[in-house]
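Down below is the structure, laid out as structure tokens.
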Amino acid sequence: MIARILILLLLVLLLPQLYIDLRKLRRRPRWLRLLRWIPTVAMMVWTVVLAFQHDFVSDDLAAENVYLLVLGVLFVPKALYALCSLVGRIVKVLGHYRYNWGNLVGLMLGLFAVFVTLYGSFVGIRRLKINHVEIVLENLPETYDGYKMVVFSDAHVGSFTGWRQKLLQRDVDSINAQLADAIVFLGDLQNLRPSELYPVQDILRQLRARDGVFSVLGNHDYSDYINDDPAICAANEHEMQSRQQQFGWTLLINDWKPIDRDSRKNGRLVIAGMENYGQKEGTQRGDLQKTLAGIGSKDCVVLLQHDPTAWQTLILPEANIPLTLSGHTHGGQVSLFGLRGSHLRLNEDYGLYHEGHHQLYVTCGIGGLVPFRFGVSPEIAVITLKSGQQ
């Protein structure tokens, strides 16, 4: 993870300290200036060590979590202050002002960055949102009118360690409390390896619904983020699938299951699940035609697909699916003044979207590789299907 932005992180650490040293400390004793460099140099070394680890992240995310906390509390505020101070200095010179107001702005932004870091790490991840959504499907048989589905995604259970494990238990209890007809999980159960499931498997087994728990695989449920022997990767992927089945979940791998309500004549509600169909080459494992093969023309299909980008690129052009459910984006995990980073990259990143008679709901999930939420609370979506045939 850190390797992907290594150069950026090193610049964020180096340049602000260099600016402060040249502008603020140049008249101080040399030993004091050198002493002020020690935290920055130590952080840069730590960054390089984390960047060159074996996998995308370590199995135990404690080191990364502490690193990001230190970065957000100490070094991002320093970077914001230095940037604002530099811009303020330029404005001061060009405008012939008496004061460098950039120093004050930088101080305020730095304090805000500290608040965001601490709130998102310790408060935001605790604020679970139960989002009730009513969706009308024109071809839904009246037999299924009012059908309730609880949707959750992106558990990333490897991040629910220590005190955070209680949050996962709270999420499962909240899902069960909805008394749903069906529970749907939209992928990314792990971060890297199925061994992350061992400490929380008793919690995951507790999920209950009238028609069962349905799930699909997300990009993290494969072996794309580890550098192991192919045989080990294949064994991990097999274990991930078998574990979900052991929990009593119905894992849909380019497959579908009908919800039986004795309505074959008028059509059925069908839950179909396609493997992850990502944007990057090599991550497009989903087979839409295989997933939908054998479904009747009168059946109403709810398609589970982890990555919402598949809706525009594959699902809309090739199939008549009234409702697609996706996760993957986490809603960006951060929203500042209504702006989400995920929305800058994706047209459909969080919420309900319409295109003709087709609808897509993207949930922001309950977890993340990095346990952090600010302005985008962990979410459980309670979707009630309404028939448009009435």
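Convention: chains lettered A, B, ... in structure tokens order; per-chain residue numbering from 1; ligands numbered from 1 as shown.
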
Helix (DSSP H, G or I) positions in segment 71-276 of chain A, given as a PyMOL selection string:
chain A and resi 71-95+101-122+124-126+142-144+157-159+162-176+194-204+219-221+230-246

According to DSSP computed on the backbone, where in segment 184-341 of chain A is there strand (DSSP E)? Give the residues as a PDB file with N, CA and C atoms, in the first residue's frame.
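Printed below is selection.pdb as written:
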```
ATOM      1  N   VAL A 184     -27.344 -10.142   2.301  1.00  0.00           N
ATOM      2  CA  VAL A 184     -26.456 -10.147   1.141  1.00  0.00           C
ATOM      3  C   VAL A 184     -25.123  -9.526   1.528  1.00  0.00           C
ATOM      4  N   PHE A 185     -24.043 -10.268   1.256  1.00  0.00           N
ATOM      5  CA  PHE A 185     -22.689  -9.728   1.471  1.00  0.00           C
ATOM      6  C   PHE A 185     -22.025  -9.567   0.111  1.00  0.00           C
ATOM      7  N   VAL A 213     -28.157 -16.395   3.795  1.00  0.00           N
ATOM      8  CA  VAL A 213     -27.130 -15.379   3.552  1.00  0.00           C
ATOM      9  C   VAL A 213     -26.485 -15.676   2.203  1.00  0.00           C
ATOM     10  N   PHE A 214     -26.472 -14.681   1.323  1.00  0.00           N
ATOM     11  CA  PHE A 214     -25.884 -14.818  -0.005  1.00  0.00           C
ATOM     12  C   PHE A 214     -24.641 -13.934  -0.097  1.00  0.00           C
ATOM     13  N   SER A 215     -23.607 -14.422  -0.768  1.00  0.00           N
ATOM     14  CA  SER A 215     -22.370 -13.652  -0.830  1.00  0.00           C
ATOM     15  C   SER A 215     -21.691 -13.809  -2.181  1.00  0.00           C
ATOM     16  N   TRP A 249     -23.260 -19.672   4.526  1.00  0.00           N
ATOM     17  CA  TRP A 249     -23.585 -18.702   3.489  1.00  0.00           C
ATOM     18  C   TRP A 249     -23.700 -19.402   2.134  1.00  0.00           C
ATOM     19  N   THR A 250     -24.499 -18.866   1.248  1.00  0.00           N
ATOM     20  CA  THR A 250     -24.573 -19.335  -0.134  1.00  0.00           C
ATOM     21  C   THR A 250     -23.671 -18.453  -0.982  1.00  0.00           C
ATOM     22  N   LEU A 251     -22.482 -18.942  -1.282  1.00  0.00           N
ATOM     23  CA  LEU A 251     -21.513 -18.190  -2.075  1.00  0.00           C
ATOM     24  C   LEU A 251     -21.828 -18.393  -3.558  1.00  0.00           C
ATOM     25  N   ASP A 255     -23.154 -17.590 -10.569  1.00  0.00           N
ATOM     26  CA  ASP A 255     -24.254 -18.522 -10.378  1.00  0.00           C
ATOM     27  C   ASP A 255     -25.459 -17.752  -9.833  1.00  0.00           C
ATOM     28  N   TRP A 256     -26.584 -18.433  -9.679  1.00  0.00           N
ATOM     29  CA  TRP A 256     -27.790 -17.789  -9.159  1.00  0.00           C
ATOM     30  C   TRP A 256     -28.622 -18.783  -8.372  1.00  0.00           C
ATOM     31  N   LYS A 257     -29.473 -18.202  -7.512  1.00  0.00           N
ATOM     32  CA  LYS A 257     -30.400 -19.013  -6.720  1.00  0.00           C
ATOM     33  C   LYS A 257     -31.768 -18.332  -6.711  1.00  0.00           C
ATOM     34  N   PRO A 258     -32.837 -19.100  -6.892  1.00  0.00           N
ATOM     35  CA  PRO A 258     -34.172 -18.501  -6.820  1.00  0.00           C
ATOM     36  C   PRO A 258     -34.649 -18.426  -5.376  1.00  0.00           C
ATOM     37  N   ILE A 259     -35.473 -17.440  -5.107  1.00  0.00           N
ATOM     38  CA  ILE A 259     -36.174 -17.354  -3.830  1.00  0.00           C
ATOM     39  C   ILE A 259     -37.550 -17.971  -4.046  1.00  0.00           C
ATOM     40  N   LEU A 269     -38.276 -14.229  -7.870  1.00  0.00           N
ATOM     41  CA  LEU A 269     -37.170 -13.364  -7.502  1.00  0.00           C
ATOM     42  C   LEU A 269     -35.916 -14.217  -7.495  1.00  0.00           C
ATOM     43  N   VAL A 270     -34.908 -13.784  -8.232  1.00  0.00           N
ATOM     44  CA  VAL A 270     -33.664 -14.536  -8.362  1.00  0.00           C
ATOM     45  C   VAL A 270     -32.505 -13.677  -7.869  1.00  0.00           C
ATOM     46  N   ILE A 271     -31.673 -14.250  -7.002  1.00  0.00           N
ATOM     47  CA  ILE A 271     -30.449 -13.575  -6.564  1.00  0.00           C
ATOM     48  C   ILE A 271     -29.288 -14.202  -7.323  1.00  0.00           C
ATOM     49  N   ALA A 272     -28.619 -13.405  -8.137  1.00  0.00           N
ATOM     50  CA  ALA A 272     -27.488 -13.873  -8.939  1.00  0.00           C
ATOM     51  C   ALA A 272     -26.212 -13.210  -8.439  1.00  0.00           C
ATOM     52  N   GLY A 273     -25.124 -13.960  -8.467  1.00  0.00           N
ATOM     53  CA  GLY A 273     -23.857 -13.438  -7.988  1.00  0.00           C
ATOM     54  C   GLY A 273     -22.743 -13.657  -8.992  1.00  0.00           C
ATOM     55  N   CYS A 300     -37.374 -11.920 -11.910  1.00  0.00           N
ATOM     56  CA  CYS A 300     -36.811 -10.616 -11.539  1.00  0.00           C
ATOM     57  C   CYS A 300     -35.459 -10.856 -10.882  1.00  0.00           C
ATOM     58  N   VAL A 301     -34.411 -10.300 -11.474  1.00  0.00           N
ATOM     59  CA  VAL A 301     -33.046 -10.596 -11.039  1.00  0.00           C
ATOM     60  C   VAL A 301     -32.469  -9.453 -10.213  1.00  0.00           C
ATOM     61  N   VAL A 302     -31.921  -9.805  -9.059  1.00  0.00           N
ATOM     62  CA  VAL A 302     -31.085  -8.901  -8.279  1.00  0.00           C
ATOM     63  C   VAL A 302     -29.659  -9.432  -8.397  1.00  0.00           C
ATOM     64  N   LEU A 303     -28.789  -8.653  -9.025  1.00  0.00           N
ATOM     65  CA  LEU A 303     -27.429  -9.092  -9.310  1.00  0.00           C
ATOM     66  C   LEU A 303     -26.453  -8.544  -8.276  1.00  0.00           C
ATOM     67  N   LEU A 304     -25.645  -9.414  -7.721  1.00  0.00           N
ATOM     68  CA  LEU A 304     -24.599  -9.023  -6.775  1.00  0.00           C
ATOM     69  C   LEU A 304     -23.277  -8.947  -7.527  1.00  0.00           C
ATOM     70  N   LEU A 323     -31.957  -4.595 -10.934  1.00  0.00           N
ATOM     71  CA  LEU A 323     -31.270  -4.082  -9.754  1.00  0.00           C
ATOM     72  C   LEU A 323     -29.919  -4.770  -9.586  1.00  0.00           C
ATOM     73  N   THR A 324     -28.888  -3.953  -9.467  1.00  0.00           N
ATOM     74  CA  THR A 324     -27.540  -4.440  -9.177  1.00  0.00           C
ATOM     75  C   THR A 324     -27.097  -3.869  -7.833  1.00  0.00           C
ATOM     76  N   LEU A 325     -26.483  -4.706  -7.012  1.00  0.00           N
ATOM     77  CA  LEU A 325     -25.977  -4.285  -5.699  1.00  0.00           C
ATOM     78  C   LEU A 325     -24.456  -4.406  -5.704  1.00  0.00           C
ATOM     79  N   SER A 326     -23.784  -3.346  -5.262  1.00  0.00           N
ATOM     80  CA  SER A 326     -22.324  -3.320  -5.273  1.00  0.00           C
ATOM     81  C   SER A 326     -21.765  -2.673  -4.015  1.00  0.00           C
ATOM     82  N   SER A 335     -15.402  12.127   3.753  1.00  0.00           N
ATOM     83  CA  SER A 335     -16.183  13.145   3.063  1.00  0.00           C
ATOM     84  C   SER A 335     -15.952  14.484   3.758  1.00  0.00           C
ATOM     85  N   LEU A 336     -15.408  15.428   3.026  1.00  0.00           N
ATOM     86  CA  LEU A 336     -15.155  16.765   3.556  1.00  0.00           C
ATOM     87  C   LEU A 336     -16.003  17.766   2.794  1.00  0.00           C
ATOM     88  N   LEU A 339     -17.653  16.449  -0.211  1.00  0.00           N
ATOM     89  CA  LEU A 339     -16.804  15.937  -1.290  1.00  0.00           C
ATOM     90  C   LEU A 339     -16.161  14.620  -0.862  1.00  0.00           C
ATOM     91  N   ARG A 340     -16.349  13.588  -1.694  1.00  0.00           N
ATOM     92  CA  ARG A 340     -15.753  12.278  -1.451  1.00  0.00           C
ATOM     93  C   ARG A 340     -14.706  11.991  -2.526  1.00  0.00           C
TER      94      ARG A 340
END
```

Problem - Residues within 6 Å of segment 111-121 of chain A, only C-alpha atoms, excluding chain neighbours under 5 positions, as number ranges by chain - result: A: 72-73, 77, 372-374

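For the pair atom CA of Leu207 of chain A and atom CA of Asp173 of chain A, the separation is 8.1 Å.
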
So that each row is one residue of segment 130-221 of chain A with an atom at most 10 Å from segment 234-245 of chain A, can you give its shortest atom pair and the distance in Å to one decimal, using only C-alpha atoms, rows by chain and rising number, as CSV?
```
residue,atom,partner,partner_atom,distance
A:Leu189,CA,A:Met240,CA,8.7
A:Gln190,CA,A:Met240,CA,8.5
A:Leu192,CA,A:Asn236,CA,9.3
A:Arg193,CA,A:Asn236,CA,6.5
A:Pro194,CA,A:Met240,CA,5.4
A:Ser195,CA,A:Asn236,CA,8.7
A:Leu197,CA,A:Arg243,CA,8.3
A:Tyr198,CA,A:Arg243,CA,9.5
A:Gln201,CA,A:Arg243,CA,8.6
A:Leu204,CA,A:Gln244,CA,8.9
A:Arg205,CA,A:Gln244,CA,8.9
A:Val213,CA,A:Gln244,CA,9.8
A:Phe214,CA,A:Gln244,CA,9.6
A:Ser215,CA,A:Gln244,CA,8.2
A:Val216,CA,A:Gln241,CA,9.4
A:Leu217,CA,A:Gln241,CA,8.4
A:Asp221,CA,A:Met240,CA,6.9
```

Selected residues written out with all heavy atoms, as a compact mmCIF listing (two decimals), in the first residue's frame:
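In the end it all went to part_13.txt:
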```
# COMPACT_ATOMS: atom_id res chain seq x y z
N LEU A 189 -14.21 -9.89 2.20
CA LEU A 189 -14.31 -10.38 3.57
C LEU A 189 -12.97 -10.29 4.28
O LEU A 189 -12.91 -10.09 5.48
CB LEU A 189 -14.82 -11.82 3.56
CG LEU A 189 -15.21 -12.45 4.90
CD1 LEU A 189 -16.27 -11.63 5.61
CD2 LEU A 189 -15.68 -13.89 4.71
N GLN A 190 -11.88 -10.42 3.53
CA GLN A 190 -10.54 -10.39 4.11
C GLN A 190 -9.75 -9.21 3.54
O GLN A 190 -10.21 -8.53 2.62
CB GLN A 190 -9.80 -11.68 3.77
CG GLN A 190 -9.55 -11.85 2.27
CD GLN A 190 -8.85 -13.14 1.90
OE1 GLN A 190 -8.82 -14.09 2.68
NE2 GLN A 190 -8.26 -13.19 0.72
N LEU A 192 -6.02 -9.86 3.14
CA LEU A 192 -5.00 -10.58 2.38
C LEU A 192 -5.22 -12.08 2.35
O LEU A 192 -5.17 -12.71 1.30
CB LEU A 192 -3.61 -10.31 2.96
CG LEU A 192 -3.08 -8.88 2.96
CD1 LEU A 192 -1.71 -8.83 3.63
CD2 LEU A 192 -2.99 -8.34 1.55
N ARG A 193 -5.46 -12.67 3.54
CA ARG A 193 -5.47 -14.13 3.67
C ARG A 193 -6.67 -14.59 4.51
O ARG A 193 -7.11 -13.86 5.40
CB ARG A 193 -4.17 -14.62 4.32
CG ARG A 193 -2.93 -14.39 3.45
CD ARG A 193 -1.67 -14.86 4.18
NE ARG A 193 -0.51 -14.79 3.31
CZ ARG A 193 0.22 -13.69 3.15
NH1 ARG A 193 -0.10 -12.58 3.81
NH2 ARG A 193 1.27 -13.70 2.34
N PRO A 194 -7.16 -15.81 4.24
CA PRO A 194 -8.31 -16.32 5.00
C PRO A 194 -8.01 -16.57 6.47
O PRO A 194 -8.96 -16.73 7.25
CB PRO A 194 -8.66 -17.62 4.27
CG PRO A 194 -7.45 -18.00 3.51
CD PRO A 194 -6.77 -16.71 3.14
N SER A 195 -6.76 -16.59 6.86
CA SER A 195 -6.43 -16.76 8.28
C SER A 195 -6.98 -15.61 9.12
O SER A 195 -7.17 -15.76 10.34
CB SER A 195 -4.91 -16.85 8.47
OG SER A 195 -4.26 -15.71 7.93
N LEU A 197 -9.90 -14.68 9.13
CA LEU A 197 -11.26 -15.04 9.54
C LEU A 197 -11.29 -15.83 10.83
O LEU A 197 -12.32 -15.86 11.51
CB LEU A 197 -11.95 -15.85 8.44
CG LEU A 197 -12.60 -15.10 7.28
CD1 LEU A 197 -11.58 -14.28 6.49
CD2 LEU A 197 -13.30 -16.08 6.34
N TYR A 198 -10.18 -16.47 11.19
CA TYR A 198 -10.19 -17.40 12.32
C TYR A 198 -10.67 -16.74 13.62
O TYR A 198 -11.52 -17.31 14.32
CB TYR A 198 -8.81 -18.01 12.54
CG TYR A 198 -8.26 -18.78 11.35
CD1 TYR A 198 -6.92 -19.16 11.31
CD2 TYR A 198 -9.05 -19.13 10.26
CE1 TYR A 198 -6.39 -19.86 10.23
CE2 TYR A 198 -8.54 -19.82 9.18
CZ TYR A 198 -7.21 -20.19 9.16
OH TYR A 198 -6.70 -20.88 8.10
N GLN A 201 -14.64 -15.99 13.19
CA GLN A 201 -15.54 -16.90 12.48
C GLN A 201 -16.81 -17.21 13.27
O GLN A 201 -17.88 -17.40 12.69
CB GLN A 201 -14.81 -18.19 12.10
CG GLN A 201 -14.19 -18.95 13.25
CD GLN A 201 -13.31 -20.10 12.74
OE1 GLN A 201 -13.16 -20.31 11.54
NE2 GLN A 201 -12.75 -20.86 13.68
N LEU A 204 -19.20 -14.38 12.52
CA LEU A 204 -19.78 -14.42 11.17
C LEU A 204 -20.82 -15.52 11.02
O LEU A 204 -21.76 -15.40 10.23
CB LEU A 204 -18.66 -14.60 10.15
CG LEU A 204 -17.63 -13.45 10.09
CD1 LEU A 204 -16.47 -13.82 9.18
CD2 LEU A 204 -18.29 -12.16 9.62
N ARG A 205 -20.66 -16.60 11.77
CA ARG A 205 -21.62 -17.70 11.71
C ARG A 205 -22.98 -17.32 12.28
O ARG A 205 -23.97 -18.01 12.07
CB ARG A 205 -21.09 -18.91 12.51
CG ARG A 205 -20.02 -19.71 11.81
CD ARG A 205 -19.86 -21.07 12.47
NE ARG A 205 -18.78 -21.83 11.87
CZ ARG A 205 -17.55 -21.93 12.37
NH1 ARG A 205 -17.25 -21.30 13.49
NH2 ARG A 205 -16.63 -22.65 11.75
N VAL A 213 -28.16 -16.40 3.79
CA VAL A 213 -27.13 -15.38 3.55
C VAL A 213 -26.48 -15.68 2.20
O VAL A 213 -26.01 -16.79 1.96
CB VAL A 213 -26.06 -15.39 4.65
CG1 VAL A 213 -25.01 -14.31 4.39
CG2 VAL A 213 -26.70 -15.21 6.03
N PHE A 214 -26.47 -14.68 1.32
CA PHE A 214 -25.88 -14.82 0.00
C PHE A 214 -24.64 -13.93 -0.10
O PHE A 214 -24.64 -12.81 0.42
CB PHE A 214 -26.89 -14.43 -1.09
CG PHE A 214 -28.14 -15.26 -1.08
CD1 PHE A 214 -29.21 -14.94 -0.25
CD2 PHE A 214 -28.24 -16.38 -1.90
CE1 PHE A 214 -30.37 -15.71 -0.25
CE2 PHE A 214 -29.39 -17.15 -1.90
CZ PHE A 214 -30.45 -16.83 -1.07
N SER A 215 -23.61 -14.42 -0.77
CA SER A 215 -22.37 -13.65 -0.83
C SER A 215 -21.69 -13.81 -2.18
O SER A 215 -21.95 -14.77 -2.92
CB SER A 215 -21.41 -14.08 0.28
OG SER A 215 -21.01 -15.44 0.11
N VAL A 216 -20.83 -12.84 -2.49
CA VAL A 216 -19.96 -12.91 -3.66
C VAL A 216 -18.55 -12.52 -3.22
O VAL A 216 -18.34 -12.06 -2.09
CB VAL A 216 -20.43 -11.96 -4.79
CG1 VAL A 216 -21.72 -12.45 -5.41
CG2 VAL A 216 -20.58 -10.53 -4.28
N LEU A 217 -17.60 -12.72 -4.11
CA LEU A 217 -16.20 -12.43 -3.81
C LEU A 217 -15.84 -11.03 -4.26
O LEU A 217 -16.27 -10.56 -5.32
CB LEU A 217 -15.28 -13.44 -4.50
CG LEU A 217 -15.48 -14.92 -4.11
CD1 LEU A 217 -14.63 -15.81 -5.00
CD2 LEU A 217 -15.14 -15.14 -2.64
N ASP A 221 -10.65 -10.83 -1.86
CA ASP A 221 -10.91 -12.23 -1.53
C ASP A 221 -10.14 -13.19 -2.43
O ASP A 221 -10.24 -14.41 -2.28
CB ASP A 221 -12.41 -12.53 -1.61
CG ASP A 221 -13.20 -11.74 -0.57
OD1 ASP A 221 -12.67 -11.55 0.53
OD2 ASP A 221 -14.33 -11.31 -0.88
```

Nearest to Gly331 of chain A, restricted to only C-alpha atoms and choosing among A:Asp154, A:Asp211, A:Asp145, A:Asp202, comes out as A:Asp154

I'd like the contact shell of Val362 of chain A - 7 Å cut-off, only C-alpha atoms, skipping same-chain residues fewer than 2 positions apart - returned as a PDB file with N, CA, C and O atoms, in the first residue's frame.
```
ATOM      1  N   PRO A 308     -18.757  -1.639  -8.618  1.00  0.00           N
ATOM      2  CA  PRO A 308     -19.844  -0.944  -9.312  1.00  0.00           C
ATOM      3  C   PRO A 308     -19.479  -0.472 -10.708  1.00  0.00           C
ATOM      4  O   PRO A 308     -20.368  -0.151 -11.506  1.00  0.00           O
ATOM      5  N   LEU A 325     -26.483  -4.706  -7.012  1.00  0.00           N
ATOM      6  CA  LEU A 325     -25.977  -4.285  -5.699  1.00  0.00           C
ATOM      7  C   LEU A 325     -24.456  -4.406  -5.704  1.00  0.00           C
ATOM      8  O   LEU A 325     -23.912  -5.440  -6.086  1.00  0.00           O
ATOM      9  N   SER A 326     -23.784  -3.346  -5.262  1.00  0.00           N
ATOM     10  CA  SER A 326     -22.324  -3.320  -5.273  1.00  0.00           C
ATOM     11  C   SER A 326     -21.765  -2.673  -4.015  1.00  0.00           C
ATOM     12  O   SER A 326     -22.480  -2.011  -3.264  1.00  0.00           O
ATOM     13  N   GLY A 327     -20.473  -2.862  -3.814  1.00  0.00           N
ATOM     14  CA  GLY A 327     -19.739  -2.245  -2.709  1.00  0.00           C
ATOM     15  C   GLY A 327     -18.444  -1.662  -3.244  1.00  0.00           C
ATOM     16  O   GLY A 327     -18.426  -0.819  -4.121  1.00  0.00           O
ATOM     17  N   ASP A 349     -20.449   5.893  -6.879  1.00  0.00           N
ATOM     18  CA  ASP A 349     -19.566   5.474  -5.787  1.00  0.00           C
ATOM     19  C   ASP A 349     -20.301   5.226  -4.472  1.00  0.00           C
ATOM     20  O   ASP A 349     -19.756   4.561  -3.586  1.00  0.00           O
ATOM     21  N   TYR A 350     -21.533   5.745  -4.324  1.00  0.00           N
ATOM     22  CA  TYR A 350     -22.248   5.549  -3.063  1.00  0.00           C
ATOM     23  C   TYR A 350     -23.688   6.006  -3.224  1.00  0.00           C
ATOM     24  O   TYR A 350     -23.950   7.131  -3.640  1.00  0.00           O
ATOM     25  N   GLY A 351     -24.625   5.108  -2.940  1.00  0.00           N
ATOM     26  CA  GLY A 351     -26.029   5.469  -2.987  1.00  0.00           C
ATOM     27  C   GLY A 351     -26.768   4.772  -4.120  1.00  0.00           C
ATOM     28  O   GLY A 351     -26.276   3.813  -4.716  1.00  0.00           O
ATOM     29  N   LEU A 352     -27.966   5.276  -4.421  1.00  0.00           N
ATOM     30  CA  LEU A 352     -28.849   4.667  -5.411  1.00  0.00           C
ATOM     31  C   LEU A 352     -28.775   5.447  -6.718  1.00  0.00           C
ATOM     32  O   LEU A 352     -28.889   6.671  -6.727  1.00  0.00           O
ATOM     33  N   LEU A 360     -28.948   0.773  -9.593  1.00  0.00           N
ATOM     34  CA  LEU A 360     -27.727   0.310  -8.929  1.00  0.00           C
ATOM     35  C   LEU A 360     -27.680   0.912  -7.537  1.00  0.00           C
ATOM     36  O   LEU A 360     -27.857   2.134  -7.377  1.00  0.00           O
ATOM     37  N   CYS A 364     -21.437   1.780   1.130  1.00  0.00           N
ATOM     38  CA  CYS A 364     -20.083   2.189   1.510  1.00  0.00           C
ATOM     39  C   CYS A 364     -19.421   1.169   2.435  1.00  0.00           C
ATOM     40  O   CYS A 364     -18.270   1.348   2.830  1.00  0.00           O
TER      41      CYS A 364
END
```

Counting only C-alpha atoms, closest pick from A:Leu128, A:Ala319, A:Leu385, A:Val151 relative to Asp171 of chain A is A:Leu128

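From atom CA of Gln17 of chain A back to atom CA of Ile90 of chain A, the distance works out to 18.5 Å.
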
For Ala381 of chain A, the closest of A:Ser58, A:Gln178, A:Asn276, A:Asn131 counting only C-alpha atoms is A:Asn131

Within 10 Å of Val48 of chain A using only C-alpha atoms, minus same-chain residues under 3 positions, as a PDB file with N, CA and C atoms, in the first residue's frame:
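Result file is around03.pdb:
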```pdb
ATOM      1  N   ILE A   2       1.812   1.320   0.922  1.00  0.00           N
ATOM      2  CA  ILE A   2       2.668   2.497   1.033  1.00  0.00           C
ATOM      3  C   ILE A   2       3.623   2.587  -0.151  1.00  0.00           C
ATOM      4  N   ALA A   3       3.999   1.441  -0.712  1.00  0.00           N
ATOM      5  CA  ALA A   3       4.911   1.435  -1.852  1.00  0.00           C
ATOM      6  C   ALA A   3       4.346   2.201  -3.038  1.00  0.00           C
ATOM      7  N   LEU A   6       5.112   5.925  -2.367  1.00  0.00           N
ATOM      8  CA  LEU A   6       6.343   6.127  -1.606  1.00  0.00           C
ATOM      9  C   LEU A   6       6.958   7.502  -1.867  1.00  0.00           C
ATOM     10  N   ILE A   7       7.118   7.873  -3.129  1.00  0.00           N
ATOM     11  CA  ILE A   7       7.757   9.148  -3.462  1.00  0.00           C
ATOM     12  C   ILE A   7       6.949  10.314  -2.898  1.00  0.00           C
ATOM     13  N   LEU A   9       4.942  10.325  -0.300  1.00  0.00           N
ATOM     14  CA  LEU A   9       5.087  10.369   1.153  1.00  0.00           C
ATOM     15  C   LEU A   9       6.439  10.946   1.564  1.00  0.00           C
ATOM     16  N   LEU A  10       7.490  10.555   0.870  1.00  0.00           N
ATOM     17  CA  LEU A  10       8.818  11.080   1.206  1.00  0.00           C
ATOM     18  C   LEU A  10       8.886  12.580   0.986  1.00  0.00           C
ATOM     19  N   MET A  43      10.912   9.046  10.476  1.00  0.00           N
ATOM     20  CA  MET A  43       9.669   8.746   9.767  1.00  0.00           C
ATOM     21  C   MET A  43       9.939   8.336   8.330  1.00  0.00           C
ATOM     22  N   MET A  44      10.923   8.950   7.703  1.00  0.00           N
ATOM     23  CA  MET A  44      11.270   8.591   6.326  1.00  0.00           C
ATOM     24  C   MET A  44      11.813   7.166   6.264  1.00  0.00           C
ATOM     25  N   VAL A  45      12.636   6.805   7.232  1.00  0.00           N
ATOM     26  CA  VAL A  45      13.162   5.429   7.290  1.00  0.00           C
ATOM     27  C   VAL A  45      12.020   4.442   7.494  1.00  0.00           C
ATOM     28  N   ALA A  51       7.343   0.307   2.902  1.00  0.00           N
ATOM     29  CA  ALA A  51       7.123   0.241   1.460  1.00  0.00           C
ATOM     30  C   ALA A  51       7.718  -1.017   0.842  1.00  0.00           C
ATOM     31  N   PHE A  52       8.773  -1.558   1.445  1.00  0.00           N
ATOM     32  CA  PHE A  52       9.462  -2.706   0.868  1.00  0.00           C
ATOM     33  C   PHE A  52       9.140  -4.017   1.581  1.00  0.00           C
ATOM     34  N   GLN A  53       7.990  -4.073   2.246  1.00  0.00           N
ATOM     35  CA  GLN A  53       7.588  -5.325   2.855  1.00  0.00           C
ATOM     36  C   GLN A  53       7.114  -6.297   1.778  1.00  0.00           C
TER      37      GLN A  53
END
```

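Of note, atom CA of Tyr99 of chain A and atom CA of Val76 of chain A are spaced 23.9 Å apart.
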
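Among the candidate residues A:Gly102, A:Leu288, A:Gln279, A:Glu318, the one lying nearest to Leu346 of chain A is A:Gln279, with distances computed using only C-alpha atoms.
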
What lies within 7 Å of Ala180 of chain A using only C-alpha atoms, ignoring chain neighbours under 6 positions off, as a short mmCIF file (atom, residue, chain, number, x, y, z; two decimals) with all heavy atoms, in the first residue's frame?
```cif
data_model
loop_
_atom_site.label_atom_id
_atom_site.label_comp_id
_atom_site.auth_asym_id
_atom_site.auth_seq_id
_atom_site.Cartn_x
_atom_site.Cartn_y
_atom_site.Cartn_z
N LYS A 148 -37.52 -7.97 2.08
CA LYS A 148 -36.49 -7.18 2.77
C LYS A 148 -35.12 -7.86 2.65
O LYS A 148 -34.95 -9.01 3.05
CB LYS A 148 -36.84 -6.99 4.24
CG LYS A 148 -35.84 -6.10 5.00
CD LYS A 148 -36.08 -6.12 6.49
CE LYS A 148 -37.39 -5.46 6.86
NZ LYS A 148 -37.53 -5.37 8.35
N MET A 149 -34.15 -7.12 2.12
CA MET A 149 -32.78 -7.59 2.00
C MET A 149 -31.86 -6.68 2.80
O MET A 149 -31.90 -5.45 2.64
CB MET A 149 -32.33 -7.60 0.53
CG MET A 149 -33.24 -8.37 -0.40
SD MET A 149 -32.75 -8.20 -2.14
CE MET A 149 -31.20 -9.09 -2.11
N VAL A 150 -31.05 -7.26 3.66
CA VAL A 150 -30.04 -6.49 4.37
C VAL A 150 -28.71 -6.65 3.64
O VAL A 150 -28.24 -7.78 3.43
CB VAL A 150 -29.90 -6.93 5.84
CG1 VAL A 150 -28.76 -6.18 6.51
CG2 VAL A 150 -31.20 -6.68 6.58
N ALA A 209 -31.10 -15.25 8.38
CA ALA A 209 -32.21 -14.64 7.65
C ALA A 209 -33.13 -15.75 7.15
O ALA A 209 -32.70 -16.91 7.02
CB ALA A 209 -31.70 -13.81 6.48
N ARG A 210 -34.35 -15.39 6.88
CA ARG A 210 -35.37 -16.36 6.47
C ARG A 210 -34.92 -17.21 5.28
O ARG A 210 -35.05 -18.44 5.28
CB ARG A 210 -36.66 -15.62 6.13
CG ARG A 210 -37.78 -16.52 5.58
CD ARG A 210 -38.98 -15.68 5.20
NE ARG A 210 -40.05 -16.49 4.61
CZ ARG A 210 -41.17 -16.00 4.11
NH1 ARG A 210 -41.38 -14.68 4.15
NH2 ARG A 210 -42.08 -16.80 3.58
#
```

List as a PyMOL selection string the protein and nucleic acid residues near segment 105-108 of chain A, meaning an atom at most 10 Å away when only C-alpha atoms are counted, but skip any in the same chain fewer than 3 places from it. chain A and resi 77-88+100-102+111-113
